[in-house]
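J.: Just one file: coords-v4.cif, with mmCIF, C-alpha atoms and all ligand atoms.
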data_structure
loop_
_atom_site.group_PDB
_atom_site.id
_atom_site.type_symbol
_atom_site.label_atom_id
_atom_site.label_comp_id
_atom_site.auth_asym_id
_atom_site.auth_seq_id
_atom_site.Cartn_x
_atom_site.Cartn_y
_atom_site.Cartn_z
ATOM 1 C CA MET A 3 -6.477 15.750 -13.253
ATOM 2 C CA THR A 4 -8.916 18.648 -12.834
ATOM 3 C CA PRO A 5 -7.977 21.071 -10.070
ATOM 4 C CA VAL A 6 -10.977 23.364 -9.738
ATOM 5 C CA GLY A 7 -11.433 25.192 -6.445
ATOM 6 C CA ASP A 8 -11.419 23.224 -3.199
ATOM 7 C CA VAL A 9 -13.671 20.364 -4.164
ATOM 8 C CA ILE A 10 -14.497 19.124 -7.632
ATOM 9 C CA ALA A 11 -17.747 17.598 -8.761
ATOM 10 C CA GLU A 12 -16.791 14.009 -9.566
ATOM 11 C CA PRO A 13 -13.115 13.257 -10.019
ATOM 12 C CA ASP A 14 -12.279 10.276 -12.096
ATOM 13 C CA PHE A 15 -8.849 8.897 -11.524
ATOM 14 C CA ASP A 16 -8.508 7.346 -14.945
ATOM 15 C CA ASP A 17 -6.362 9.840 -16.816
ATOM 16 C CA ARG A 18 -2.733 9.373 -17.715
ATOM 17 C CA VAL A 19 0.159 11.029 -15.893
ATOM 18 C CA ASP A 20 3.734 10.839 -17.048
ATOM 19 C CA LEU A 21 5.988 9.106 -14.611
ATOM 20 C CA ASP A 22 9.275 10.843 -13.835
ATOM 21 C CA PRO A 23 12.102 8.535 -15.037
ATOM 22 C CA ASP A 24 13.984 9.288 -11.786
ATOM 23 C CA ALA A 25 11.112 7.800 -9.770
ATOM 24 C CA ARG A 26 11.128 4.683 -11.951
ATOM 25 C CA ASP A 27 14.899 4.323 -11.624
ATOM 26 C CA LEU A 28 14.800 4.742 -7.850
ATOM 27 C CA PHE A 29 11.980 2.186 -7.614
ATOM 28 C CA ARG A 30 13.909 -0.403 -9.606
ATOM 29 C CA ARG A 31 17.150 0.253 -7.740
ATOM 30 C CA SER A 32 15.829 0.615 -4.189
ATOM 31 C CA GLY A 33 12.344 -0.933 -4.160
ATOM 32 C CA HIS A 34 10.471 2.293 -3.424
ATOM 33 C CA CYS A 35 9.885 5.797 -4.778
ATOM 34 C CA VAL A 36 7.696 8.846 -4.334
ATOM 35 C CA VAL A 37 5.431 10.447 -6.945
ATOM 36 C CA ARG A 38 4.527 13.973 -5.889
ATOM 37 C CA GLY A 39 1.088 15.344 -6.717
ATOM 38 C CA LEU A 40 -0.335 12.116 -8.123
ATOM 39 C CA ALA A 41 -3.763 13.348 -7.016
ATOM 40 C CA THR A 42 -4.712 16.967 -6.433
ATOM 41 C CA ALA A 43 -5.848 18.372 -3.097
ATOM 42 C CA ALA A 44 -9.215 19.118 -4.744
ATOM 43 C CA GLU A 45 -9.659 15.521 -5.855
ATOM 44 C CA ILE A 46 -8.779 14.177 -2.430
ATOM 45 C CA ALA A 47 -11.096 16.685 -0.719
ATOM 46 C CA THR A 48 -13.901 15.173 -2.774
ATOM 47 C CA VAL A 49 -13.140 11.527 -2.077
ATOM 48 C CA LYS A 50 -11.835 11.696 1.522
ATOM 49 C CA PRO A 51 -15.264 11.831 3.240
ATOM 50 C CA SER A 52 -16.174 8.566 1.493
ATOM 51 C CA ILE A 53 -12.889 6.889 2.465
ATOM 52 C CA ASP A 54 -13.268 8.166 6.066
ATOM 53 C CA ALA A 55 -16.776 6.708 6.250
ATOM 54 C CA GLY A 56 -15.704 3.430 4.615
ATOM 55 C CA THR A 57 -12.833 3.146 7.080
ATOM 56 C CA GLU A 58 -15.053 3.721 10.094
ATOM 57 C CA ALA A 59 -17.629 1.238 8.782
ATOM 58 C CA ARG A 60 -15.095 -1.517 8.039
ATOM 59 C CA ARG A 61 -12.307 -1.071 10.576
ATOM 60 C CA TRP A 62 -11.233 -4.399 12.040
ATOM 61 C CA ASP A 63 -10.347 -3.361 15.575
ATOM 62 C CA ARG A 64 -12.728 -1.145 17.543
ATOM 63 C CA ARG A 65 -10.966 -1.306 20.908
ATOM 64 C CA PRO A 66 -9.611 1.943 22.372
ATOM 65 C CA LEU A 67 -5.977 2.664 21.440
ATOM 66 C CA GLU A 68 -4.684 1.819 24.956
ATOM 67 C CA GLU A 69 -6.167 -1.700 24.821
ATOM 68 C CA ARG A 70 -4.549 -2.681 21.516
ATOM 69 C CA ASP A 71 -1.236 -4.480 20.953
ATOM 70 C CA THR A 72 1.746 -3.025 19.056
ATOM 71 C CA TYR A 73 0.211 -3.864 15.675
ATOM 72 C CA GLY A 74 -3.202 -2.498 16.670
ATOM 73 C CA ARG A 75 -1.728 0.743 17.997
ATOM 74 C CA ALA A 76 0.034 1.395 14.660
ATOM 75 C CA PHE A 77 -3.155 2.342 12.844
ATOM 76 C CA VAL A 78 -6.879 2.025 12.393
ATOM 77 C CA GLN A 79 -6.993 -0.471 9.535
ATOM 78 C CA ALA A 80 -9.815 -1.154 7.105
ATOM 79 C CA GLY A 81 -9.463 -3.260 3.971
ATOM 80 C CA GLY A 82 -11.751 -3.817 1.020
ATOM 81 C CA ILE A 83 -13.464 -0.470 1.261
ATOM 82 C CA VAL A 84 -13.644 -0.384 -2.544
ATOM 83 C CA GLY A 85 -17.295 -1.408 -2.197
ATOM 84 C CA HIS A 86 -18.198 1.343 0.234
ATOM 85 C CA ASP A 87 -19.532 3.751 -2.368
ATOM 86 C CA GLU A 88 -19.021 4.929 -5.944
ATOM 87 C CA ARG A 89 -16.418 7.564 -5.071
ATOM 88 C CA THR A 90 -14.286 5.107 -3.140
ATOM 89 C CA ARG A 91 -14.619 2.625 -6.005
ATOM 90 C CA ARG A 92 -13.434 5.192 -8.550
ATOM 91 C CA PHE A 93 -10.423 5.990 -6.399
ATOM 92 C CA VAL A 94 -9.392 2.393 -5.757
ATOM 93 C CA LEU A 95 -9.917 1.373 -9.377
ATOM 94 C CA GLY A 96 -8.368 4.548 -10.783
ATOM 95 C CA ARG A 97 -6.345 3.754 -13.898
ATOM 96 C CA ARG A 98 -4.045 6.706 -13.213
ATOM 97 C CA PHE A 99 -2.607 4.959 -10.164
ATOM 98 C CA ALA A 100 -2.634 1.466 -11.675
ATOM 99 C CA ARG A 101 -0.799 2.652 -14.784
ATOM 100 C CA VAL A 102 1.981 4.070 -12.588
ATOM 101 C CA ALA A 103 2.101 0.762 -10.698
ATOM 102 C CA ALA A 104 2.396 -1.197 -13.965
ATOM 103 C CA GLU A 105 5.089 1.102 -15.302
ATOM 104 C CA LEU A 106 7.112 0.805 -12.113
ATOM 105 C CA LEU A 107 6.794 -2.987 -12.166
ATOM 106 C CA ASP A 108 7.489 -3.052 -15.905
ATOM 107 C CA VAL A 109 4.473 -5.246 -16.676
ATOM 108 C CA ASP A 110 1.661 -5.072 -19.255
ATOM 109 C CA GLY A 111 -1.154 -5.054 -16.725
ATOM 110 C CA VAL A 112 -1.942 -5.028 -13.017
ATOM 111 C CA ARG A 113 -4.801 -6.431 -10.970
ATOM 112 C CA LEU A 114 -6.169 -5.210 -7.661
ATOM 113 C CA TYR A 115 -5.038 -7.293 -4.688
ATOM 114 C CA HIS A 116 -6.910 -5.166 -2.185
ATOM 115 C CA ASP A 117 -7.208 -1.655 -0.861
ATOM 116 C CA GLN A 118 -6.542 -0.688 2.726
ATOM 117 C CA ALA A 119 -6.958 2.505 4.745
ATOM 118 C CA LEU A 120 -4.222 3.014 7.350
ATOM 119 C CA TYR A 121 -5.135 5.862 9.677
ATOM 120 C CA LYS A 122 -2.480 6.486 12.314
ATOM 121 C CA GLU A 123 -4.308 8.177 15.170
ATOM 122 C CA PRO A 124 -2.938 10.986 17.341
ATOM 123 C CA GLY A 125 -0.780 9.088 19.834
ATOM 124 C CA GLY A 126 -0.713 6.056 17.500
ATOM 125 C CA GLY A 127 2.341 3.825 17.739
ATOM 126 C CA PHE A 128 5.120 3.022 15.303
ATOM 127 C CA THR A 129 4.565 0.521 12.500
ATOM 128 C CA PRO A 130 6.921 -2.407 13.176
ATOM 129 C CA TRP A 131 9.424 -3.500 10.521
ATOM 130 C CA HIS A 132 7.903 -5.966 8.063
ATOM 131 C CA GLN A 133 7.662 -7.171 4.482
ATOM 132 C CA ASP A 134 4.105 -6.949 3.116
ATOM 133 C CA GLN A 135 4.390 -9.945 0.846
ATOM 134 C CA VAL A 136 4.746 -12.391 3.710
ATOM 135 C CA TYR A 137 0.918 -12.130 3.753
ATOM 136 C CA TRP A 138 0.383 -12.624 0.015
ATOM 137 C CA PRO A 139 0.061 -16.093 -1.542
ATOM 138 C CA LEU A 140 1.214 -14.963 -4.991
ATOM 139 C CA ASP A 141 3.924 -16.512 -7.154
ATOM 140 C CA THR A 142 5.335 -13.207 -8.390
ATOM 141 C CA ASP A 143 7.526 -10.481 -6.922
ATOM 142 C CA ARG A 144 5.873 -7.995 -9.289
ATOM 143 C CA THR A 145 3.694 -6.582 -6.524
ATOM 144 C CA VAL A 146 3.421 -3.011 -5.331
ATOM 145 C CA THR A 147 1.592 -0.876 -2.800
ATOM 146 C CA MET A 148 0.582 2.693 -3.482
ATOM 147 C CA TRP A 149 0.483 4.612 -0.173
ATOM 148 C CA MET A 150 -1.259 7.969 -0.531
ATOM 149 C CA PRO A 151 -1.751 10.548 2.255
ATOM 150 C CA LEU A 152 -5.238 12.072 2.343
ATOM 151 C CA VAL A 153 -3.891 14.918 4.504
ATOM 152 C CA ASP A 154 -0.637 16.834 4.544
ATOM 153 C CA ILE A 155 1.888 14.906 6.632
ATOM 154 C CA PRO A 156 4.505 17.014 8.400
ATOM 155 C CA ARG A 157 8.070 15.873 8.855
ATOM 156 C CA GLU A 158 7.435 15.078 12.563
ATOM 157 C CA ILE A 159 5.175 12.188 11.519
ATOM 158 C CA GLY A 160 6.669 11.323 8.132
ATOM 159 C CA GLY A 161 5.943 8.267 6.068
ATOM 160 C CA MET A 162 7.528 4.868 5.822
ATOM 161 C CA VAL A 163 11.204 4.155 6.300
ATOM 162 C CA PHE A 164 12.480 1.752 3.640
ATOM 163 C CA ALA A 165 15.538 -0.502 3.672
ATOM 164 C CA ASP A 166 16.999 0.151 0.225
ATOM 165 C CA GLY A 167 17.473 -2.830 -2.063
ATOM 166 C CA THR A 168 15.670 -5.359 0.131
ATOM 167 C CA HIS A 169 13.094 -5.856 -2.654
ATOM 168 C CA ARG A 170 15.669 -8.100 -4.368
ATOM 169 C CA LEU A 171 16.089 -10.397 -1.367
ATOM 170 C CA GLY A 172 12.682 -12.102 -1.303
ATOM 171 C CA ASN A 173 11.227 -13.440 1.914
ATOM 172 C CA LEU A 174 13.589 -12.650 4.797
ATOM 173 C CA SER A 175 11.370 -13.975 7.594
ATOM 174 C CA GLU A 176 7.962 -15.581 8.135
ATOM 175 C CA GLU A 177 7.226 -13.078 10.949
ATOM 176 C CA VAL A 178 4.025 -11.085 10.429
ATOM 177 C CA ILE A 179 3.775 -7.493 11.706
ATOM 178 C CA GLY A 180 4.324 -7.188 15.455
ATOM 179 C CA ASP A 181 6.872 -7.148 18.261
ATOM 180 C CA ALA A 182 8.641 -10.232 16.907
ATOM 181 C CA SER A 183 9.044 -8.791 13.379
ATOM 182 C CA GLN A 184 10.328 -5.557 14.904
ATOM 183 C CA ARG A 185 12.951 -7.410 16.966
ATOM 184 C CA PHE A 186 13.986 -9.667 14.101
ATOM 185 C CA PHE A 187 14.339 -6.920 11.509
ATOM 186 C CA ASP A 188 15.859 -4.364 13.899
ATOM 187 C CA ASP A 189 18.716 -6.823 14.396
ATOM 188 C CA LEU A 190 18.934 -7.594 10.673
ATOM 189 C CA VAL A 191 18.995 -3.902 9.707
ATOM 190 C CA ARG A 192 21.913 -3.371 12.088
ATOM 191 C CA GLU A 193 23.708 -6.502 10.947
ATOM 192 C CA ARG A 194 23.333 -5.898 7.206
ATOM 193 C CA ASP A 195 23.863 -2.145 7.460
ATOM 194 C CA TRP A 196 21.205 -1.399 4.818
ATOM 195 C CA THR A 197 20.725 2.235 3.840
ATOM 196 C CA LEU A 198 17.408 3.511 5.208
ATOM 197 C CA SER A 199 15.398 6.050 3.194
ATOM 198 C CA SER A 200 12.172 7.978 3.632
ATOM 199 C CA HIS A 201 10.322 10.541 1.546
ATOM 200 C CA GLY A 202 8.528 12.772 4.058
ATOM 201 C CA PRO A 203 7.084 15.332 4.537
ATOM 202 C CA PHE A 204 4.119 14.800 2.222
ATOM 203 C CA ALA A 205 1.431 16.962 0.700
ATOM 204 C CA VAL A 206 -2.026 15.486 0.324
ATOM 205 C CA GLY A 207 -2.109 13.482 -2.937
ATOM 206 C CA ASP A 208 1.612 12.643 -3.032
ATOM 207 C CA ALA A 209 2.173 8.893 -3.098
ATOM 208 C CA THR A 210 4.907 6.418 -2.354
ATOM 209 C CA PHE A 211 5.166 3.052 -4.074
ATOM 210 C CA HIS A 212 7.026 0.075 -2.615
ATOM 211 C CA THR A 213 7.280 -3.544 -3.679
ATOM 212 C CA GLY A 214 5.925 -6.443 -1.665
ATOM 213 C CA TRP A 215 9.356 -7.517 -0.421
ATOM 214 C CA THR A 216 10.762 -4.050 0.371
ATOM 215 C CA LEU A 217 11.369 -3.998 4.121
ATOM 216 C CA HIS A 218 9.733 -1.011 5.814
ATOM 217 C CA SER A 219 8.487 0.508 9.063
ATOM 218 C CA ALA A 220 6.921 3.844 10.022
ATOM 219 C CA PRO A 221 7.313 6.223 12.975
ATOM 220 C CA ALA A 222 4.681 6.867 15.644
ATOM 221 C CA ASN A 223 2.268 9.780 15.407
ATOM 222 C CA ASN A 224 3.177 12.116 18.253
ATOM 223 C CA THR A 225 1.034 14.951 16.907
ATOM 224 C CA ASP A 226 -2.630 15.670 17.604
ATOM 225 C CA THR A 227 -3.835 15.115 14.037
ATOM 226 C CA MET A 228 -4.864 11.913 12.277
ATOM 227 C CA ARG A 229 -2.396 10.612 9.669
ATOM 228 C CA ALA A 230 -5.014 9.496 7.141
ATOM 229 C CA VAL A 231 -3.521 7.306 4.400
ATOM 230 C CA MET A 232 -5.153 5.174 1.723
ATOM 231 C CA THR A 233 -3.309 2.309 0.084
ATOM 232 C CA VAL A 234 -3.973 0.190 -2.986
ATOM 233 C CA ILE A 235 -2.060 -3.024 -3.634
ATOM 234 C CA TYR A 236 -1.531 -4.321 -7.176
ATOM 235 C CA PHE A 237 0.060 -7.426 -8.655
ATOM 236 C CA ALA A 238 1.121 -8.352 -12.169
ATOM 237 C CA ASP A 239 -1.645 -9.784 -14.310
ATOM 238 C CA GLY A 240 -1.101 -13.523 -14.783
ATOM 239 C CA ALA A 241 0.236 -14.245 -11.278
ATOM 240 C CA ARG A 242 -0.836 -17.542 -9.718
ATOM 241 C CA ILE A 243 -1.862 -18.460 -6.187
ATOM 242 C CA THR A 244 0.757 -20.316 -4.139
ATOM 243 C CA PRO A 245 0.058 -23.207 -1.722
ATOM 244 C CA SER A 246 -1.326 -22.244 1.693
ATOM 245 C CA ASP A 247 1.802 -22.798 3.762
ATOM 246 C CA HIS A 248 1.270 -20.010 6.311
ATOM 247 C CA PRO A 249 -1.890 -19.087 8.260
ATOM 248 C CA ALA A 250 -1.614 -15.411 7.229
ATOM 249 C CA ARG A 251 -1.378 -16.335 3.540
ATOM 250 C CA GLU A 252 -4.284 -18.780 3.863
ATOM 251 C CA LEU A 253 -6.394 -16.002 5.406
ATOM 252 C CA ASP A 254 -5.434 -13.636 2.580
ATOM 253 C CA ARG A 255 -6.346 -16.256 -0.052
ATOM 254 C CA LEU A 256 -9.823 -16.430 1.446
ATOM 255 C CA LEU A 257 -10.182 -12.696 2.064
ATOM 256 C CA TRP A 258 -8.685 -11.168 -1.066
ATOM 257 C CA LEU A 259 -8.426 -13.823 -3.787
ATOM 258 C CA GLY A 260 -11.999 -15.086 -3.714
ATOM 259 C CA GLY A 261 -10.867 -18.347 -2.070
ATOM 260 C CA ALA A 262 -9.544 -19.610 -5.415
ATOM 261 C CA PRO A 263 -7.325 -22.715 -5.136
ATOM 262 C CA ALA A 264 -3.536 -22.804 -5.081
ATOM 263 C CA GLY A 265 -2.124 -23.090 -8.583
ATOM 264 C CA SER A 266 -4.896 -21.115 -10.235
ATOM 265 C CA VAL A 267 -4.426 -17.730 -11.886
ATOM 266 C CA ALA A 268 -5.336 -14.937 -9.450
ATOM 267 C CA ASP A 269 -8.170 -13.382 -11.430
ATOM 268 C CA SER A 270 -11.274 -13.625 -9.231
ATOM 269 C CA GLU A 271 -14.007 -11.014 -9.349
ATOM 270 C CA HIS A 272 -12.237 -9.376 -6.369
ATOM 271 C CA ASN A 273 -9.103 -8.905 -8.462
ATOM 272 C CA PRO A 274 -10.114 -6.886 -11.513
ATOM 273 C CA LEU A 275 -7.597 -5.909 -14.150
ATOM 274 C CA VAL A 276 -7.287 -2.246 -13.200
ATOM 275 C CA TRP A 277 -4.935 -1.287 -15.971
ATOM 276 C CA HIS A 278 -3.623 -3.040 -19.042
ATOM 277 C CA ARG A 279 -1.539 -1.659 -21.883
ATOM 278 C CA SER A 280 -4.407 -2.431 -24.284
ATOM 279 C CA PHE A 281 -6.696 0.012 -22.364
ATOM 280 C CA ASP A 282 -4.629 2.899 -23.784
ATOM 281 C CA GLU A 283 -5.013 1.808 -27.409
HETATM 282 C C1 LIG A 301 2.024 2.699 7.700
HETATM 283 O O1 LIG A 301 1.259 3.360 6.990
HETATM 284 O O2 LIG A 301 2.301 3.069 8.842
HETATM 285 C C2 LIG A 301 2.623 1.447 7.180
HETATM 286 C C3 LIG A 301 2.224 1.112 5.805
HETATM 287 C C4 LIG A 301 2.693 -0.225 5.367
HETATM 288 O O3 LIG A 301 3.160 -0.991 6.164
HETATM 289 O O4 LIG A 301 2.594 -0.585 4.171
HETATM 290 NI NI NI A 302 3.596 -2.642 4.987
#
Could you rewrite the structure in this file as structure tokens?
T.:
Amino acid sequence: MTPVGDVIAEPDFDDRVDLDPDARDLFRRSGHCVVRGLATAAEIATVKPSIDAGTEARRWDRRPLEERDTYGRAFVQAGGIVGHDERTRRFVLGRRFARVAAELLDVDGVRLYHDQALYKEPGGGFTPWHQDQVYWPLDTDRTVTMWMPLVDIPREIGGMVFADGTHRLGNLSEEVIGDASQRFFDDLVRERDWTLSSHGPFAVGDATFHTGWTLHSAPANNTDTMRAVMTVIYFADGARITPSDHPARELDRLLWLGGAPAGSVADSEHNPLVWHRSFDE
């Protein structure tokens, strides 16, 4: 990392950072953790304009906030912005982040599933309870999302709320994100009495990591500033594509796995090996 003034010439996100053993232990025990200062404010100041522009160019829903449903009100969402420009590409394919992901998952290498900007607008709604992996046709639970604020996030907005230990329980419901998943998991959270944890407030460049099956939600944005967050999803190298038994997973197979058939190793050109142990040798 190279913190020089407010903005630095061209950050690369390929260097090595040492992961705090407490973060690794929390991740393995609870299914989530926070890594403070994984990128510097100077690095993010350099890359944020590119991610902002990529998000605006590729956002899926352009309707005004008031016209969207619960899911749509949760955030402006744009996936696959890795191709927007060179700076965005360097961020998404940064080995620094992927190495942390691999260490947390305890695997030799990780591939990119996809990136996704999640910008919760001023007045934006809550993110309903869900498990990310319900969307992912992958035969491994070694999957993880890095969620990195591109702005400071005060406690009033906060980050995700995680249900500790749910990463060990696999698929709890086929409900995708929305009112139905919120109702289903609200009841389940009460019934099972899971401990709920969050890591806010955040400084720009902090990051949380959570596994694909870790149940989570996020509060609404009742402030007048945009909660700009960039995410990158990784999976263990060697994972295979599962049969298309859910419309959301079939869509993801086409969108993010190059349309490769069920049963094949997920290694399309859209899923580069972002970090492997051998890269450090
Ligand atoms: C959010 O940023 O509000 C939710 C992120 C997630 O669901 O992974
Ligand atoms: Ni999620």
J.: As a check of understanding, name the residues that the PyMOL selection byres (((not hetatm)) within 9 of (chain A and resi 302)) selects in the supplied structure, as a list in words.
T.: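 With the PyMOL selection byres (((not hetatm)) within 9 of (chain A and resi 302)) on this model, the match is Thr129, Pro130, Trp131, His132, Gln133, Asp134, Gln135, Thr147, Met162, Ile179, His212, Gly214, Thr216, Leu217, His218, Ser219 and Ala220 of chain A.
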J.: Running the PyMOL selection byres (((chain A and resi 251) around 12) and not hetatm) on this model by hand, what would come out? Give it as number ranges by chain.
T.: A: 134-141, 176-178, 243-250, 252-259, 261, 264
J.: Leaving out Val191 (chain A) and any residue of its chain fewer than 4 positions from it, which residues lie within 10 Å of it when counting all atoms listed in the file, given as a PyMOL selection string?
T.: chain A and resi 131+165+186-187+195-198+217
J.: Might I get the box with edges along x, y and z of the file that holds all atoms of ligand LIG 301 (chain A) listed there, padded by 8 Å on every side, given as centre and edge lengths in Å to one decimal, as lines of an AutoDock Vina configuration file?
T.:
center_x = 2.2
center_y = 1.2
center_z = 6.5
size_x = 17.9
size_y = 20.4
size_z = 20.7
J.: Do you have the CA of Val49 (chain A)-CA of Glu123 (chain A) distance handy?
T.: 19.7 Å
J.: With distances taken over only C-alpha atoms and all ligand atoms, which residue among A:Lys50, A:Arg170, A:Arg229, A:Arg157 lies nearest ligand LIG 301 (chain A)?
T.: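 Of A:Lys50, A:Arg170, A:Arg229, A:Arg157, the one nearest ligand LIG 301 (chain A), counting only C-alpha atoms and all ligand atoms, is A:Arg229.
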J.: Which residues fall under the PyMOL selection byres (((chain A and resi 237) around 9) and not hetatm) in this file, as a PyMOL selection string?
T.: chain A and resi 103-104+107+111-115+140+142-147+235-236+238-241
J.: Can you work out which one of A:Ala80, A:Asp188, A:Phe204, A:His278 has the shortest atom-to-atom distance to His116 (chain A), counting all atoms listed in the file?
T.: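 Using all atoms listed in the file, the shortest distance to His116 (chain A) belongs to A:Ala80.
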J.: Using only C-alpha atoms, which residues sit within 10 Å of Thr72 (chain A) once same-chain residues fewer than 5 positions away are excluded, as a list of chain:residue names?
T.: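 So, after excluding close chain neighbours, the residues are A:Leu67, A:Phe77, A:Gly126, A:Gly127, A:Phe128, A:Thr129, A:Pro130, A:Ile179, A:Gly180, A:Asp181, A:Gln184.
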J.: Leu171 (chain A): which residues within 9 Å, counting all atoms listed in the file, same-chain residues fewer than 3 positions away excluded, as a PyMOL selection string?
T.: chain A and resi 167-168+174+215-216
J.: Export, as a short mmCIF file (atom, residue, chain, number, x, y, z; two decimals), keeping the file's coordinate frame, the selected residues with C-alpha atoms.
T.:
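Final output, saved to part.cif:
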data_model
loop_
_atom_site.label_atom_id
_atom_site.label_comp_id
_atom_site.auth_asym_id
_atom_site.auth_seq_id
_atom_site.Cartn_x
_atom_site.Cartn_y
_atom_site.Cartn_z
CA GLY A 167 17.47 -2.83 -2.06
CA THR A 168 15.67 -5.36 0.13
CA LEU A 174 13.59 -12.65 4.80
CA TRP A 215 9.36 -7.52 -0.42
CA THR A 216 10.76 -4.05 0.37
#
J.: Residues near region 17-28 of chain A, anyone? I mean within 12 Å using all atoms listed in the file, not counting same-chain ones fewer than 5 positions away, as number ranges by chain.
T.: A: 3-4, 33-41, 92-93, 95-108, 166-167, 169, 199, 201, 209-213, 277, 279, 281-282
J.: Residues of the last selection are to be written out with C-alpha atoms, as a PDB file, in the coordinates of the input.
T.:
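Once everything was written out, this is part-v4.pdb:
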ATOM      1  CA  MET A   3      -6.477  15.750 -13.253  1.00  0.00           C
ATOM      2  CA  THR A   4      -8.916  18.648 -12.834  1.00  0.00           C
ATOM      3  CA  GLY A  33      12.344  -0.933  -4.160  1.00  0.00           C
ATOM      4  CA  HIS A  34      10.471   2.293  -3.424  1.00  0.00           C
ATOM      5  CA  CYS A  35       9.885   5.797  -4.778  1.00  0.00           C
ATOM      6  CA  VAL A  36       7.696   8.846  -4.334  1.00  0.00           C
ATOM      7  CA  VAL A  37       5.431  10.447  -6.945  1.00  0.00           C
ATOM      8  CA  ARG A  38       4.527  13.973  -5.889  1.00  0.00           C
ATOM      9  CA  GLY A  39       1.088  15.344  -6.717  1.00  0.00           C
ATOM     10  CA  LEU A  40      -0.335  12.116  -8.123  1.00  0.00           C
ATOM     11  CA  ALA A  41      -3.763  13.348  -7.016  1.00  0.00           C
ATOM     12  CA  ARG A  92     -13.434   5.192  -8.550  1.00  0.00           C
ATOM     13  CA  PHE A  93     -10.423   5.990  -6.399  1.00  0.00           C
ATOM     14  CA  LEU A  95      -9.917   1.373  -9.377  1.00  0.00           C
ATOM     15  CA  GLY A  96      -8.368   4.548 -10.783  1.00  0.00           C
ATOM     16  CA  ARG A  97      -6.345   3.754 -13.898  1.00  0.00           C
ATOM     17  CA  ARG A  98      -4.045   6.706 -13.213  1.00  0.00           C
ATOM     18  CA  PHE A  99      -2.607   4.959 -10.164  1.00  0.00           C
ATOM     19  CA  ALA A 100      -2.634   1.466 -11.675  1.00  0.00           C
ATOM     20  CA  ARG A 101      -0.799   2.652 -14.784  1.00  0.00           C
ATOM     21  CA  VAL A 102       1.981   4.070 -12.588  1.00  0.00           C
ATOM     22  CA  ALA A 103       2.101   0.762 -10.698  1.00  0.00           C
ATOM     23  CA  ALA A 104       2.396  -1.197 -13.965  1.00  0.00           C
ATOM     24  CA  GLU A 105       5.089   1.102 -15.302  1.00  0.00           C
ATOM     25  CA  LEU A 106       7.112   0.805 -12.113  1.00  0.00           C
ATOM     26  CA  LEU A 107       6.794  -2.987 -12.166  1.00  0.00           C
ATOM     27  CA  ASP A 108       7.489  -3.052 -15.905  1.00  0.00           C
ATOM     28  CA  ASP A 166      16.999   0.151   0.225  1.00  0.00           C
ATOM     29  CA  GLY A 167      17.473  -2.830  -2.063  1.00  0.00           C
ATOM     30  CA  HIS A 169      13.094  -5.856  -2.654  1.00  0.00           C
ATOM     31  CA  SER A 199      15.398   6.050   3.194  1.00  0.00           C
ATOM     32  CA  HIS A 201      10.322  10.541   1.546  1.00  0.00           C
ATOM     33  CA  ALA A 209       2.173   8.893  -3.098  1.00  0.00           C
ATOM     34  CA  THR A 210       4.907   6.418  -2.354  1.00  0.00           C
ATOM     35  CA  PHE A 211       5.166   3.052  -4.074  1.00  0.00           C
ATOM     36  CA  HIS A 212       7.026   0.075  -2.615  1.00  0.00           C
ATOM     37  CA  THR A 213       7.280  -3.544  -3.679  1.00  0.00           C
ATOM     38  CA  TRP A 277      -4.935  -1.287 -15.971  1.00  0.00           C
ATOM     39  CA  ARG A 279      -1.539  -1.659 -21.883  1.00  0.00           C
ATOM     40  CA  PHE A 281      -6.696   0.012 -22.364  1.00  0.00           C
ATOM     41  CA  ASP A 282      -4.629   2.899 -23.784  1.00  0.00           C
TER      42      ASP A 282
END
J.: Compare A:Arg242, A:Tyr121, A:Arg65, A:Ile155 by their minimum atom-to-atom distance to Ser270 (chain A), counting only C-alpha atoms, and give me the closest one.
T.: A:Arg242
J.: A:Asp226, A:Glu271, A:Asp87, A:Asp117: which is nearest ligand LIG 301 (chain A), counting only C-alpha atoms and all ligand atoms?
T.: A:Asp117
J.: Using Å and a single decimal, report how far CA of Gly202 (chain A) sits from CA of Ser32 (chain A).
T.: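 Spanning CA of Ser32 (chain A) to CA of Gly202 (chain A) is a straight-line distance of 16.4 Å.
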J.: Which one of A:Pro203, A:Pro156, A:Pro151, A:Gly172 sits closest to ligand LIG 301 (chain A) if you count all atoms listed in the file?
T.: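 Going through A:Pro203, A:Pro156, A:Pro151, A:Gly172 one by one, the smallest distance to ligand LIG 301 (chain A) is for A:Pro151.
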J.: Could you state the separation of CA of Val276 (chain A) and CA of Val153 (chain A) in Å, given to one decimal place?
T.: 24.9 Å
J.: With only C-alpha atoms and all ligand atoms as the atoms that count, which of A:Leu120, A:Val234, A:Ile46, A:Ala262 lies nearest to ligand LIG 301 (chain A)?
T.: A:Leu120
J.: Please identify all polymer residues within 12 Å of Ala59 (chain A), counting only C-alpha atoms, omitting same-chain residues fewer than 6 positions from it, and present them as a ChimeraX atom specification.
T.: /A:52-53,78-83,85-87,119
